[in-house]
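Structure first, then comments.
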2 protein chains.
Amino acid sequence: MLIATPLTLHFDDVLPLQSGASIHDYDLSYETYGTLNADKSNAVLICHALNASHHVAGSYAGQSRSEGWWDNMIGPGKPVDTGKFFVIGINNLGSCFGSTGPMQPDPDAPAGSGKVYGADFPVVTVEDWVDAQARLLDRLGIGVLAAVMGGSLGGMQALSWALQYPQRVRHAIVVASAPNLTAENIAFNEVARRAIVTDPDFHGGNFYEHGAVPKRGLRIARMIGHITYLSDDVMNEKFGREQRAWVTQTAAAPATGVGAYHYTTQDVEFQIESYLRHQGDKFAEYFDANSYLLITRALDYFDPARHYGGNLSAALARASASFLLISFTTDWRFSPKRSRETVKALLDNNRDVSYAEIDAPHGHDAFLLDDPRYMGVIRSYFDSKVANLMPAVEAAP
Amino acid sequence: MLIATPLTLHFDDVLPLQSGASIHDYDLSYETYGTLNADKSNAVLICHALNASHHVAGSYAGQSRSEGWWDNMIGPGKPVDTGKFFVIGINNLGSCFGSTGPMQPDPDAPAGSGKVYGADFPVVTVEDWVDAQARLLDRLGIGVLAAVMGGSLGGMQALSWALQYPQRVRHAIVVASAPNLTAENIAFNEVARRAIVTDPDFHGGNFYEHGAVPKRGLRIARMIGHITYLSDDVMNEKFGREQRAWVTQTAAAPATGVGAYHYTTQDVEFQIESYLRHQGDKFAEYFDANSYLLITRALDYFDPARHYGGNLSAALARASASFLLISFTTDWRFSPKRSRETVKALLDNNRDVSYAEIDAPHGHDAFLLDDPRYMGVIRSYFDSKVANLMPAVEAAP
């Protein structure tokens, strides 16, 4: 079993941000798995999405059910084999799992005030995260990544790595992602943010000093998110119109065996409601509201074609990495069409691109699940391409 | 120009509801357009969806911009021609536009208390609405409807009419509807309801006596609704990633002409956000929160196949009307697949069914818009089938 150990590095330099603001005296939490080889050519960076963290793989010693969020993908003998690769997970700036974020003391606050950043945490972008990740790799002595890999928002970081540091990335693996958000994507993010911001317990983002947590808003945000992570098909298969168990147990069931309705507008009637409420409740217990705003905004803002008049092919000309892109047929949040846009733009630049469109029923969530074809594609890409090319790294241009 | 006049009928009898509860001493607001013919064979009932009302067509005298919600469809010379048909719109029980609903005094409250129903308004179903509509038609002396027609939730009522009162319906026109909601549909309704119910201003549904209105929740509910009414395509076409105007006007724009980001998590950055906030604000000004819960629940509960072990064909065997079903290709809330289920179930019963699948970009909202093919289908169905069969009504079995 892979034992994970969370680590933290402190950075006392200034990190300039895309917004023009900057951040200084920050921490980055990270974990590593496997062993860095002598020529430091086997490093794989895993980038996380909205609510995940640096805890990518393995479990914490003595803690059951503490597996990393991509533990099915990464570990000894797994598709990304930590017997061969040195895998790094980094918690992004602005998140809430150890790296500096809204919950941490603001170094620019009056000494002794103990004031946390709260709403004053600067807006961070995918590009900023990549810059911070690059500085952490510098400290680990890693110049070139064998691969950078991520799903969803993590895939945006993998793509951005190939654009911001083309000489430092040999392979970029971009799963269930997109070259920018559609209006509908932004719309869902905005509703979630409005639910949080208009929760009276949000206090303009400075709820910490009020001893409050905007849980109502976080619950709504998470419920919306969950709907968009699943496909209509898988929701029908898992929940359909099934009623909550207590209804059929306590109410008289008609002869057809269908549970009687409870006729309620505020209580749970259907299982899907129970599921969503549970997901919302869980999330509101552990996720920071300001982090939710920051991270959804980073999603909204990502748009590498923006400075190229919307021409994605022009924007991706800087990339020199080889690419593997993967999408899932029922993912309507980041549909295959969006991955194909990236594939086309890379091909326009004669880049080395592999693309797999996996026929999976699970919607966007599929990138975290165990579809054997998906796992097989990742495994063979790492075995045949990422691993095989390793000796050639020093000779690469 | 068609002048509309809102009318109200009071009912002092008891209306039993599907839940086992009942309602008494209730009002129904309605409007009629055109003239009922001598044999009362030209009546067309229009059923409304979530946030609409009995004000289906025409305008109120002296009020500009007061067109009914389906005024493009219904009026003199329009697809449903009020020169030929006597059209009736009825505000459903539990709604908030004149018919008895949560905002009205509860007749069972202590005399003189003036207490409104609030959260005590009974849960109403599509079947209950149809029963109430039938009683109003009784009072108007209308036995048989030439047609009953509705879109979305209104389409569910049209379908239910054909099942509850098969001898009173000659044609049922069911637009952009479904034989029940999917888990995803219920999920969106549930998030909207949770946003309302968890708004501190909701007070368990009795906000009226607190002088409060749960506007935060209503705004979120409406924003979610709006996302699901539009297609991804039409959102991209109308809004895309366009930024709010003031950003590009006040911030330095880079050489590419793209507006600089404002880097904000709480303010509007993209036009789609501005649009959704505006829709939410407008809605929160006029719609009742308890009505929203009741009407979304009526959507959730509608499921005529429920008492037939899920067998829709068996459920629809009772219907004897002729049917026209219409769906729109980009409607992901009530997709064409769902309309085809109803078509198939009717054909299994050898019913007279016409079906049009309109290739329109506008998503669910298309049923309210002016697509010429859609309008043409409705017009020709009314001209050739609903109108032509009229003389035969007395001879019908």
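Letters A, B, ... mark the chains of the structure tokens in the order given; residue numbers begin at 1 per chain; ligand numbers begin at 1, in order shown.
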After fitting chain A to chain B over every Cα pair taken in order, the RMSD: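 My reading of the C-alpha RMSD is 0.0 Å.
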If you take only C-alpha atoms and a cut-off of 7 Å, which residues of chain B touch chain A, and what are their nearest atom pairs and distances in Å to one decimal, in chain and number order, as a tab-separated table?
residue	atom	partner	partner_atom	distance
B:Ser19	CA	A:Tyr263	CA	6.1
B:Val123	CA	A:Tyr263	CA	6.0
B:Thr182	CA	A:Gly240	CA	6.4
B:Ala183	CA	A:Gly240	CA	5.0
B:Glu184	CA	A:Asp232	CA	5.8
B:Ala187	CA	A:Glu273	CA	6.4
B:Glu190	CA	A:Glu273	CA	6.4
B:Val191	CA	A:Ile220	CA	6.3
B:Ala195	CA	A:Ile220	CA	6.5
B:Thr198	CA	A:Arg216	CA	6.5
B:Arg216	CA	A:Thr198	CA	6.5
B:Ile220	CA	A:Val191	CA	6.3
B:Met223	CA	A:Val191	CA	6.5
B:Ile224	CA	A:Val191	CA	6.9
B:Ile227	CA	A:Glu184	CA	6.9
B:Asp232	CA	A:Glu184	CA	5.8
B:Met235	CA	A:Ala183	CA	5.8
B:Asn236	CA	A:Ala183	CA	5.5
B:Phe239	CA	A:Ala183	CA	6.4
B:Gly240	CA	A:Ala183	CA	5.0
B:Arg241	CA	A:Ala183	CA	6.0
B:Thr256	CA	A:His307	CA	6.1
B:Val258	CA	A:Arg306	CA	6.9
B:Tyr263	CA	A:Val123	CA	6.0
B:Thr264	CA	A:Val123	CA	6.7
B:Thr265	CA	A:Leu293	CA	5.8
B:Ile272	CA	A:Ala183	CA	6.4
B:Glu273	CA	A:Ala187	CA	6.3
B:Leu293	CA	A:Thr265	CA	5.8
B:Leu294	CA	A:Thr265	CA	6.3
B:Arg297	CA	A:Thr265	CA	6.2
B:Arg306	CA	A:Val258	CA	6.9
B:His307	CA	A:Thr256	CA	6.1
B:Tyr308	CA	A:Thr256	CA	6.8
B:Gly309	CA	A:Thr256	CA	6.2
Selection above as a file: N, CA and C atoms, as an mmCIF file, in the first residue's frame:
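Dumped everything to part-v5.cif:
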data_model
loop_
_atom_site.group_PDB
_atom_site.id
_atom_site.type_symbol
_atom_site.label_atom_id
_atom_site.label_comp_id
_atom_site.auth_asym_id
_atom_site.auth_seq_id
_atom_site.Cartn_x
_atom_site.Cartn_y
_atom_site.Cartn_z
ATOM 1 N N SER B 19 -53.790 14.303 -3.224
ATOM 2 C CA SER B 19 -53.071 14.013 -1.974
ATOM 3 C C SER B 19 -53.991 13.461 -0.893
ATOM 4 N N VAL B 123 -50.650 20.634 -1.368
ATOM 5 C CA VAL B 123 -49.888 20.241 -2.559
ATOM 6 C C VAL B 123 -50.877 19.922 -3.677
ATOM 7 N N THR B 182 -37.332 13.370 -15.659
ATOM 8 C CA THR B 182 -36.170 12.534 -15.376
ATOM 9 C C THR B 182 -35.580 12.933 -14.019
ATOM 10 N N ALA B 183 -34.657 12.110 -13.559
ATOM 11 C CA ALA B 183 -33.965 12.423 -12.301
ATOM 12 C C ALA B 183 -33.262 13.781 -12.397
ATOM 13 N N GLU B 184 -32.695 14.083 -13.563
ATOM 14 C CA GLU B 184 -32.001 15.366 -13.722
ATOM 15 C C GLU B 184 -32.983 16.537 -13.614
ATOM 16 N N ALA B 187 -33.818 16.959 -10.126
ATOM 17 C CA ALA B 187 -32.651 17.511 -9.429
ATOM 18 C C ALA B 187 -32.599 19.030 -9.567
ATOM 19 N N GLU B 190 -35.196 20.528 -7.424
ATOM 20 C CA GLU B 190 -34.876 20.407 -6.005
ATOM 21 C C GLU B 190 -33.848 21.467 -5.582
ATOM 22 N N VAL B 191 -32.843 21.707 -6.408
ATOM 23 C CA VAL B 191 -31.860 22.739 -6.048
ATOM 24 C C VAL B 191 -32.554 24.093 -5.943
ATOM 25 N N ALA B 195 -32.828 26.373 -2.561
ATOM 26 C CA ALA B 195 -32.383 27.770 -2.504
ATOM 27 C C ALA B 195 -33.456 28.638 -1.864
ATOM 28 N N THR B 198 -34.136 27.437 2.069
ATOM 29 C CA THR B 198 -33.053 27.752 3.012
ATOM 30 C C THR B 198 -32.740 29.246 3.057
ATOM 31 N N ARG B 216 -33.574 36.147 -2.305
ATOM 32 C CA ARG B 216 -32.309 35.493 -2.643
ATOM 33 C C ARG B 216 -32.581 34.136 -3.269
ATOM 34 N N ILE B 220 -31.968 32.721 -7.257
ATOM 35 C CA ILE B 220 -31.170 31.533 -7.600
ATOM 36 C C ILE B 220 -32.035 30.543 -8.381
ATOM 37 N N MET B 223 -32.445 31.746 -11.913
ATOM 38 C CA MET B 223 -31.203 31.635 -12.687
ATOM 39 C C MET B 223 -30.993 30.190 -13.148
ATOM 40 N N ILE B 224 -31.209 29.249 -12.238
ATOM 41 C CA ILE B 224 -31.082 27.829 -12.607
ATOM 42 C C ILE B 224 -32.075 27.507 -13.713
ATOM 43 N N ILE B 227 -31.041 28.758 -17.163
ATOM 44 C CA ILE B 227 -29.985 27.962 -17.815
ATOM 45 C C ILE B 227 -30.601 26.754 -18.506
ATOM 46 N N ASP B 232 -27.161 25.163 -24.956
ATOM 47 C CA ASP B 232 -25.757 25.564 -24.915
ATOM 48 C C ASP B 232 -25.430 26.403 -26.156
ATOM 49 N N MET B 235 -26.964 29.940 -26.057
ATOM 50 C CA MET B 235 -26.230 30.741 -25.060
ATOM 51 C C MET B 235 -24.895 31.207 -25.610
ATOM 52 N N ASN B 236 -24.220 30.319 -26.323
ATOM 53 C CA ASN B 236 -22.937 30.717 -26.913
ATOM 54 C C ASN B 236 -23.139 31.781 -27.979
ATOM 55 N N PHE B 239 -24.453 35.060 -25.960
ATOM 56 C CA PHE B 239 -23.561 35.632 -24.950
ATOM 57 C C PHE B 239 -22.106 35.208 -25.139
ATOM 58 N N GLY B 240 -21.902 33.937 -25.444
ATOM 59 C CA GLY B 240 -20.546 33.419 -25.554
ATOM 60 C C GLY B 240 -19.743 33.797 -24.327
ATOM 61 N N ARG B 241 -18.527 34.276 -24.567
ATOM 62 C CA ARG B 241 -17.661 34.726 -23.475
ATOM 63 C C ARG B 241 -17.573 36.259 -23.466
ATOM 64 N N THR B 256 -4.876 43.152 -29.054
ATOM 65 C CA THR B 256 -5.758 42.269 -29.807
ATOM 66 C C THR B 256 -7.201 42.746 -29.786
ATOM 67 N N VAL B 258 -9.186 42.536 -27.264
ATOM 68 C CA VAL B 258 -9.969 41.797 -26.286
ATOM 69 C C VAL B 258 -10.020 42.600 -24.994
ATOM 70 N N TYR B 263 -10.906 40.864 -13.106
ATOM 71 C CA TYR B 263 -10.442 40.011 -12.010
ATOM 72 C C TYR B 263 -11.277 40.217 -10.756
ATOM 73 N N THR B 264 -12.481 39.707 -10.831
ATOM 74 C CA THR B 264 -13.419 39.831 -9.719
ATOM 75 C C THR B 264 -14.140 38.512 -9.509
ATOM 76 N N THR B 265 -14.395 38.161 -8.279
ATOM 77 C CA THR B 265 -15.166 36.942 -8.017
ATOM 78 C C THR B 265 -16.621 37.262 -7.687
ATOM 79 N N ILE B 272 -23.226 36.923 -19.772
ATOM 80 C CA ILE B 272 -24.174 35.892 -19.353
ATOM 81 C C ILE B 272 -24.522 36.052 -17.879
ATOM 82 N N GLU B 273 -23.577 36.511 -17.088
ATOM 83 C CA GLU B 273 -23.837 36.725 -15.658
ATOM 84 C C GLU B 273 -24.823 37.865 -15.459
ATOM 85 N N LEU B 293 -42.544 26.481 -5.200
ATOM 86 C CA LEU B 293 -42.403 25.121 -4.648
ATOM 87 C C LEU B 293 -43.532 24.223 -5.139
ATOM 88 N N LEU B 294 -44.750 24.733 -5.066
ATOM 89 C CA LEU B 294 -45.908 23.918 -5.445
ATOM 90 C C LEU B 294 -45.856 23.512 -6.913
ATOM 91 N N ARG B 297 -43.169 21.067 -7.753
ATOM 92 C CA ARG B 297 -43.534 19.755 -7.242
ATOM 93 C C ARG B 297 -44.576 19.074 -8.119
ATOM 94 N N ARG B 306 -47.311 5.749 -13.635
ATOM 95 C CA ARG B 306 -46.956 5.293 -12.289
ATOM 96 C C ARG B 306 -47.876 4.180 -11.772
ATOM 97 N N HIS B 307 -49.136 4.305 -12.052
ATOM 98 C CA HIS B 307 -50.064 3.289 -11.547
ATOM 99 C C HIS B 307 -50.229 2.130 -12.531
ATOM 100 N N TYR B 308 -49.376 2.110 -13.550
ATOM 101 C CA TYR B 308 -49.389 1.020 -14.532
ATOM 102 C C TYR B 308 -48.008 0.369 -14.582
ATOM 103 N N GLY B 309 -47.358 0.324 -13.432
ATOM 104 C CA GLY B 309 -46.043 -0.311 -13.362
ATOM 105 C C GLY B 309 -45.027 0.327 -14.286
#
Go through A:Ser59, A:Asn349, A:Thr8, A:Ser66 one by one, measure the shortest atom-to-atom distance of each to Asn91 in chain A using only C-alpha atoms, and give the residue with the smallest value.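 Residue with the minimum atom-to-atom distance to Asn91 in chain A: A:Thr8.
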Considering only strand (DSSP E) as DSSP defines it on the backbone, what residues of range 23-59 of chain A qualify? List them as a PyMOL selection string. chain A and resi 23-33+43-47+59
Which polymer residues have any atom within 7 Å of an atom of range 94-110 of chain A, counting only C-alpha atoms, with same-chain residues fewer than 3 positions away left out, as an mmCIF file with all heavy atoms, in the first residue's frame?
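Okay, around15.cif is ready:
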data_model
loop_
_atom_site.group_PDB
_atom_site.id
_atom_site.type_symbol
_atom_site.label_atom_id
_atom_site.label_comp_id
_atom_site.auth_asym_id
_atom_site.auth_seq_id
_atom_site.Cartn_x
_atom_site.Cartn_y
_atom_site.Cartn_z
ATOM 1 N N TYR A 26 4.093 32.774 0.793
ATOM 2 C CA TYR A 26 3.020 31.785 0.681
ATOM 3 C C TYR A 26 3.574 30.376 0.848
ATOM 4 O O TYR A 26 4.773 30.132 0.651
ATOM 5 C CB TYR A 26 2.299 31.924 -0.668
ATOM 6 C CG TYR A 26 3.203 31.804 -1.877
ATOM 7 C CD1 TYR A 26 3.360 30.583 -2.528
ATOM 8 C CD2 TYR A 26 3.909 32.905 -2.362
ATOM 9 C CE1 TYR A 26 4.187 30.465 -3.632
ATOM 10 C CE2 TYR A 26 4.743 32.788 -3.463
ATOM 11 C CZ TYR A 26 4.882 31.574 -4.094
ATOM 12 O OH TYR A 26 5.715 31.461 -5.168
ATOM 13 N N ASP A 27 2.647 29.484 1.208
ATOM 14 C CA ASP A 27 2.978 28.062 1.335
ATOM 15 C C ASP A 27 2.320 27.283 0.206
ATOM 16 O O ASP A 27 1.228 27.635 -0.247
ATOM 17 C CB ASP A 27 2.418 27.492 2.657
ATOM 18 C CG ASP A 27 3.143 28.053 3.863
ATOM 19 O OD1 ASP A 27 4.324 28.414 3.743
ATOM 20 O OD2 ASP A 27 2.508 28.126 4.940
ATOM 21 N N LEU A 28 2.980 26.223 -0.216
ATOM 22 C CA LEU A 28 2.341 25.259 -1.117
ATOM 23 C C LEU A 28 2.421 23.883 -0.472
ATOM 24 O O LEU A 28 3.518 23.428 -0.100
ATOM 25 C CB LEU A 28 3.034 25.227 -2.484
ATOM 26 C CG LEU A 28 2.842 26.451 -3.373
ATOM 27 C CD1 LEU A 28 3.664 26.307 -4.658
ATOM 28 C CD2 LEU A 28 1.353 26.647 -3.718
ATOM 29 N N SER A 29 1.291 23.244 -0.313
ATOM 30 C CA SER A 29 1.261 21.870 0.181
ATOM 31 C C SER A 29 1.370 20.928 -1.008
ATOM 32 O O SER A 29 0.817 21.199 -2.076
ATOM 33 C CB SER A 29 -0.044 21.602 0.931
ATOM 34 O OG SER A 29 -0.029 22.284 2.164
ATOM 35 N N SER A 53 -7.198 18.156 -4.195
ATOM 36 C CA SER A 53 -6.037 18.699 -3.485
ATOM 37 C C SER A 53 -4.761 18.021 -3.961
ATOM 38 O O SER A 53 -4.754 17.252 -4.926
ATOM 39 C CB SER A 53 -6.204 18.473 -1.986
ATOM 40 O OG SER A 53 -6.021 17.084 -1.696
ATOM 41 N N ASN A 91 -1.294 21.322 -4.030
ATOM 42 C CA ASN A 91 -2.542 22.052 -3.759
ATOM 43 C C ASN A 91 -2.390 23.481 -4.283
ATOM 44 O O ASN A 91 -1.392 24.159 -3.995
ATOM 45 C CB ASN A 91 -2.811 22.066 -2.246
ATOM 46 C CG ASN A 91 -4.172 22.623 -1.887
ATOM 47 O OD1 ASN A 91 -4.316 23.312 -0.878
ATOM 48 N ND2 ASN A 91 -5.195 22.356 -2.686
ATOM 49 N N SER A 113 -2.815 41.190 14.281
ATOM 50 C CA SER A 113 -4.271 41.204 14.066
ATOM 51 C C SER A 113 -4.794 39.797 13.798
ATOM 52 O O SER A 113 -5.949 39.504 14.072
ATOM 53 C CB SER A 113 -4.643 42.120 12.899
ATOM 54 O OG SER A 113 -4.293 41.512 11.656
ATOM 55 N N GLY A 114 -3.916 38.960 13.247
ATOM 56 C CA GLY A 114 -4.339 37.593 12.927
ATOM 57 C C GLY A 114 -5.380 37.542 11.830
ATOM 58 O O GLY A 114 -5.988 36.513 11.584
ATOM 59 N N LYS A 115 -5.578 38.645 11.138
ATOM 60 C CA LYS A 115 -6.615 38.715 10.097
ATOM 61 C C LYS A 115 -6.281 37.765 8.951
ATOM 62 O O LYS A 115 -5.163 37.761 8.439
ATOM 63 C CB LYS A 115 -6.735 40.151 9.590
ATOM 64 C CG LYS A 115 -7.977 40.377 8.728
ATOM 65 C CD LYS A 115 -8.032 41.775 8.150
ATOM 66 C CE LYS A 115 -9.072 41.841 7.037
ATOM 67 N NZ LYS A 115 -8.881 40.845 5.980
ATOM 68 N N VAL A 116 -7.259 36.985 8.557
ATOM 69 C CA VAL A 116 -7.053 36.099 7.413
ATOM 70 C C VAL A 116 -7.389 36.860 6.128
ATOM 71 O O VAL A 116 -8.033 37.910 6.166
ATOM 72 C CB VAL A 116 -7.896 34.815 7.529
ATOM 73 C CG1 VAL A 116 -7.531 34.035 8.793
ATOM 74 C CG2 VAL A 116 -9.390 35.121 7.486
ATOM 75 N N TYR A 117 -6.948 36.309 5.007
ATOM 76 C CA TYR A 117 -7.207 36.954 3.713
ATOM 77 C C TYR A 117 -8.702 37.188 3.487
ATOM 78 O O TYR A 117 -9.123 38.273 3.110
ATOM 79 C CB TYR A 117 -6.698 36.083 2.569
ATOM 80 C CG TYR A 117 -5.235 36.197 2.241
ATOM 81 C CD1 TYR A 117 -4.349 35.185 2.595
ATOM 82 C CD2 TYR A 117 -4.740 37.291 1.523
ATOM 83 C CE1 TYR A 117 -2.999 35.252 2.252
ATOM 84 C CE2 TYR A 117 -3.390 37.360 1.178
ATOM 85 C CZ TYR A 117 -2.529 36.339 1.547
ATOM 86 O OH TYR A 117 -1.217 36.410 1.195
ATOM 87 N N GLY A 118 -9.493 36.150 3.639
ATOM 88 C CA GLY A 118 -10.926 36.272 3.348
ATOM 89 C C GLY A 118 -11.137 36.746 1.927
ATOM 90 O O GLY A 118 -10.495 36.261 0.981
ATOM 91 N N ALA A 119 -12.014 37.725 1.790
ATOM 92 C CA ALA A 119 -12.347 38.234 0.455
ATOM 93 C C ALA A 119 -11.186 38.987 -0.182
ATOM 94 O O ALA A 119 -11.251 39.313 -1.373
ATOM 95 C CB ALA A 119 -13.573 39.140 0.543
ATOM 96 N N PHE A 121 -8.187 37.830 -0.614
ATOM 97 C CA PHE A 121 -7.247 36.967 -1.335
ATOM 98 C C PHE A 121 -7.307 37.327 -2.806
ATOM 99 O O PHE A 121 -8.382 37.458 -3.386
ATOM 100 C CB PHE A 121 -7.579 35.492 -1.124
ATOM 101 C CG PHE A 121 -6.458 34.588 -1.538
ATOM 102 C CD1 PHE A 121 -5.447 34.263 -0.638
ATOM 103 C CD2 PHE A 121 -6.367 34.100 -2.838
ATOM 104 C CE1 PHE A 121 -4.388 33.453 -1.013
ATOM 105 C CE2 PHE A 121 -5.312 33.287 -3.227
ATOM 106 C CZ PHE A 121 -4.320 32.972 -2.307
ATOM 107 N N PHE A 287 -15.478 22.619 2.700
ATOM 108 C CA PHE A 287 -14.914 23.462 1.645
ATOM 109 C C PHE A 287 -15.084 24.937 1.983
ATOM 110 O O PHE A 287 -16.112 25.360 2.506
ATOM 111 C CB PHE A 287 -15.541 23.142 0.291
ATOM 112 C CG PHE A 287 -14.606 23.455 -0.852
ATOM 113 C CD1 PHE A 287 -13.630 22.540 -1.212
ATOM 114 C CD2 PHE A 287 -14.662 24.668 -1.523
ATOM 115 C CE1 PHE A 287 -12.739 22.825 -2.244
ATOM 116 C CE2 PHE A 287 -13.780 24.954 -2.558
ATOM 117 C CZ PHE A 287 -12.814 24.033 -2.920
ATOM 118 N N ASP A 288 -14.078 25.721 1.656
ATOM 119 C CA ASP A 288 -14.103 27.154 1.954
ATOM 120 C C ASP A 288 -14.861 27.918 0.871
ATOM 121 O O ASP A 288 -14.615 27.729 -0.334
ATOM 122 C CB ASP A 288 -12.679 27.683 2.064
ATOM 123 C CG ASP A 288 -12.677 29.181 2.318
ATOM 124 O OD1 ASP A 288 -13.106 29.591 3.403
ATOM 125 O OD2 ASP A 288 -12.272 29.933 1.399
ATOM 126 N N ASN A 290 -14.791 31.141 0.008
ATOM 127 C CA ASN A 290 -13.983 32.014 -0.847
ATOM 128 C C ASN A 290 -13.159 31.208 -1.855
ATOM 129 O O ASN A 290 -12.962 31.643 -2.989
ATOM 130 C CB ASN A 290 -13.058 32.890 0.006
ATOM 131 C CG ASN A 290 -13.806 34.053 0.639
ATOM 132 O OD1 ASN A 290 -14.471 34.807 -0.056
ATOM 133 N ND2 ASN A 290 -13.710 34.178 1.954
ATOM 134 N N SER A 291 -12.686 30.041 -1.426
ATOM 135 C CA SER A 291 -11.970 29.178 -2.372
ATOM 136 C C SER A 291 -12.883 28.777 -3.521
ATOM 137 O O SER A 291 -12.452 28.706 -4.678
ATOM 138 C CB SER A 291 -11.445 27.917 -1.663
ATOM 139 O OG SER A 291 -10.424 28.241 -0.750
ATOM 140 N N LEU A 294 -13.018 31.661 -5.924
ATOM 141 C CA LEU A 294 -11.750 31.836 -6.640
ATOM 142 C C LEU A 294 -11.557 30.762 -7.703
ATOM 143 O O LEU A 294 -11.131 31.054 -8.829
ATOM 144 C CB LEU A 294 -10.583 31.776 -5.647
ATOM 145 C CG LEU A 294 -10.432 32.979 -4.712
ATOM 146 C CD1 LEU A 294 -9.494 32.631 -3.549
ATOM 147 C CD2 LEU A 294 -9.889 34.193 -5.490
#
Spatial neighbours of Val169 in chain B, 6 Å, only C-alpha atoms, chain gap at least 5 places, as an NGL selection string: :B and (144-145 or 162 or 321)
Using only C-alpha atoms, which protein or nucleic acid residues come within 8 Å of Gln157 in chain B? Drop anything in the same chain fewer than 3 positions from it, and give the result as a CSV table (one decimal) with all heavy atoms, in the first residue's frame.
chain,number,residue,atom,x,y,z
B,47,CYS,N,-53.2,25.6,-21.5
B,47,CYS,CA,-52.7,25.3,-20.1
B,47,CYS,C,-51.3,26.0,-20.0
B,47,CYS,O,-50.5,25.9,-20.9
B,47,CYS,CB,-52.6,23.8,-19.9
B,47,CYS,SG,-54.1,23.0,-20.1
B,126,VAL,N,-50.9,18.0,-11.3
B,126,VAL,CA,-51.4,18.3,-12.7
B,126,VAL,C,-52.8,17.8,-12.8
B,126,VAL,O,-53.7,18.5,-13.3
B,126,VAL,CB,-50.5,17.6,-13.7
B,126,VAL,CG1,-51.2,17.5,-15.1
B,126,VAL,CG2,-49.2,18.3,-13.8
B,127,GLU,N,-53.1,16.6,-12.2
B,127,GLU,CA,-54.5,16.1,-12.2
B,127,GLU,C,-55.4,17.0,-11.5
B,127,GLU,O,-56.6,17.2,-11.9
B,127,GLU,CB,-54.5,14.7,-11.5
B,127,GLU,CG,-53.8,13.6,-12.3
B,127,GLU,CD,-52.3,13.6,-12.2
B,127,GLU,OE1,-51.7,14.4,-11.5
B,127,GLU,OE2,-51.7,12.7,-12.8
B,129,TRP,N,-55.2,20.3,-11.1
B,129,TRP,CA,-55.4,21.4,-12.0
B,129,TRP,C,-56.4,21.1,-13.1
B,129,TRP,O,-57.3,21.9,-13.4
B,129,TRP,CB,-54.1,21.9,-12.6
B,129,TRP,CG,-53.1,22.5,-11.7
B,129,TRP,CD1,-53.4,23.2,-10.5
B,129,TRP,CD2,-51.7,22.6,-11.8
B,129,TRP,NE1,-52.3,23.6,-9.9
B,129,TRP,CE2,-51.2,23.3,-10.7
B,129,TRP,CE3,-50.8,22.1,-12.8
B,129,TRP,CZ2,-49.8,23.6,-10.5
B,129,TRP,CZ3,-49.4,22.4,-12.6
B,129,TRP,CH2,-49.0,23.1,-11.5
B,130,VAL,N,-56.3,19.9,-13.7
B,130,VAL,CA,-57.2,19.6,-14.7
B,130,VAL,C,-58.6,19.5,-14.2
B,130,VAL,O,-59.6,19.9,-14.8
B,130,VAL,CB,-56.7,18.2,-15.4
B,130,VAL,CG1,-57.8,17.7,-16.3
B,130,VAL,CG2,-55.4,18.5,-16.2
B,150,GLY,N,-50.9,22.9,-24.6
B,150,GLY,CA,-49.9,23.5,-23.7
B,150,GLY,C,-48.5,23.1,-24.0
B,150,GLY,O,-48.3,22.1,-24.7
B,153,LEU,N,-44.9,22.1,-18.8
B,153,LEU,CA,-45.8,21.7,-17.8
B,153,LEU,C,-47.3,21.8,-18.3
B,153,LEU,O,-48.2,21.1,-18.0
B,153,LEU,CB,-45.6,22.6,-16.5
B,153,LEU,CG,-46.6,22.4,-15.4
B,153,LEU,CD1,-46.7,20.9,-14.9
B,153,LEU,CD2,-46.2,23.3,-14.2
B,154,GLY,N,-47.5,22.8,-19.2
B,154,GLY,CA,-48.8,22.9,-19.9
B,154,GLY,C,-49.1,21.7,-20.7
B,154,GLY,O,-50.3,21.3,-20.8
B,160,SER,N,-52.8,15.0,-19.6
B,160,SER,CA,-53.6,14.5,-18.5
B,160,SER,C,-55.1,14.7,-18.8
B,160,SER,O,-56.0,13.9,-18.4
B,160,SER,CB,-53.2,15.2,-17.2
B,160,SER,OG,-53.5,14.4,-16.1
B,161,TRP,N,-55.5,15.8,-19.4
B,161,TRP,CA,-56.9,16.0,-19.8
B,161,TRP,C,-57.4,14.8,-20.6
B,161,TRP,O,-58.5,14.3,-20.4
B,161,TRP,CB,-57.0,17.3,-20.7
B,161,TRP,CG,-57.6,18.5,-20.0
B,161,TRP,CD1,-56.9,19.5,-19.4
B,161,TRP,CD2,-59.0,18.7,-19.7
B,161,TRP,NE1,-57.8,20.4,-18.9
B,161,TRP,CE2,-59.0,20.0,-19.0
B,161,TRP,CE3,-60.1,18.0,-20.0
B,161,TRP,CZ2,-60.3,20.5,-18.6
B,161,TRP,CZ3,-61.4,18.6,-19.6
B,161,TRP,CH2,-61.4,19.8,-18.9
Could you pull out the helix (DSSP H, G or I) residues of range 312-384 of chain B, going by DSSP on the backbone, and write them as JSON, numbers by chain? {"B": [312, 313, 314, 315, 316, 317, 318, 336, 337, 338, 339, 340, 341, 342, 343, 344, 345, 346, 347, 348, 363, 364, 365, 366, 367, 368, 372, 373, 374, 375, 376, 377, 378, 379, 380, 381, 382, 383, 384]}
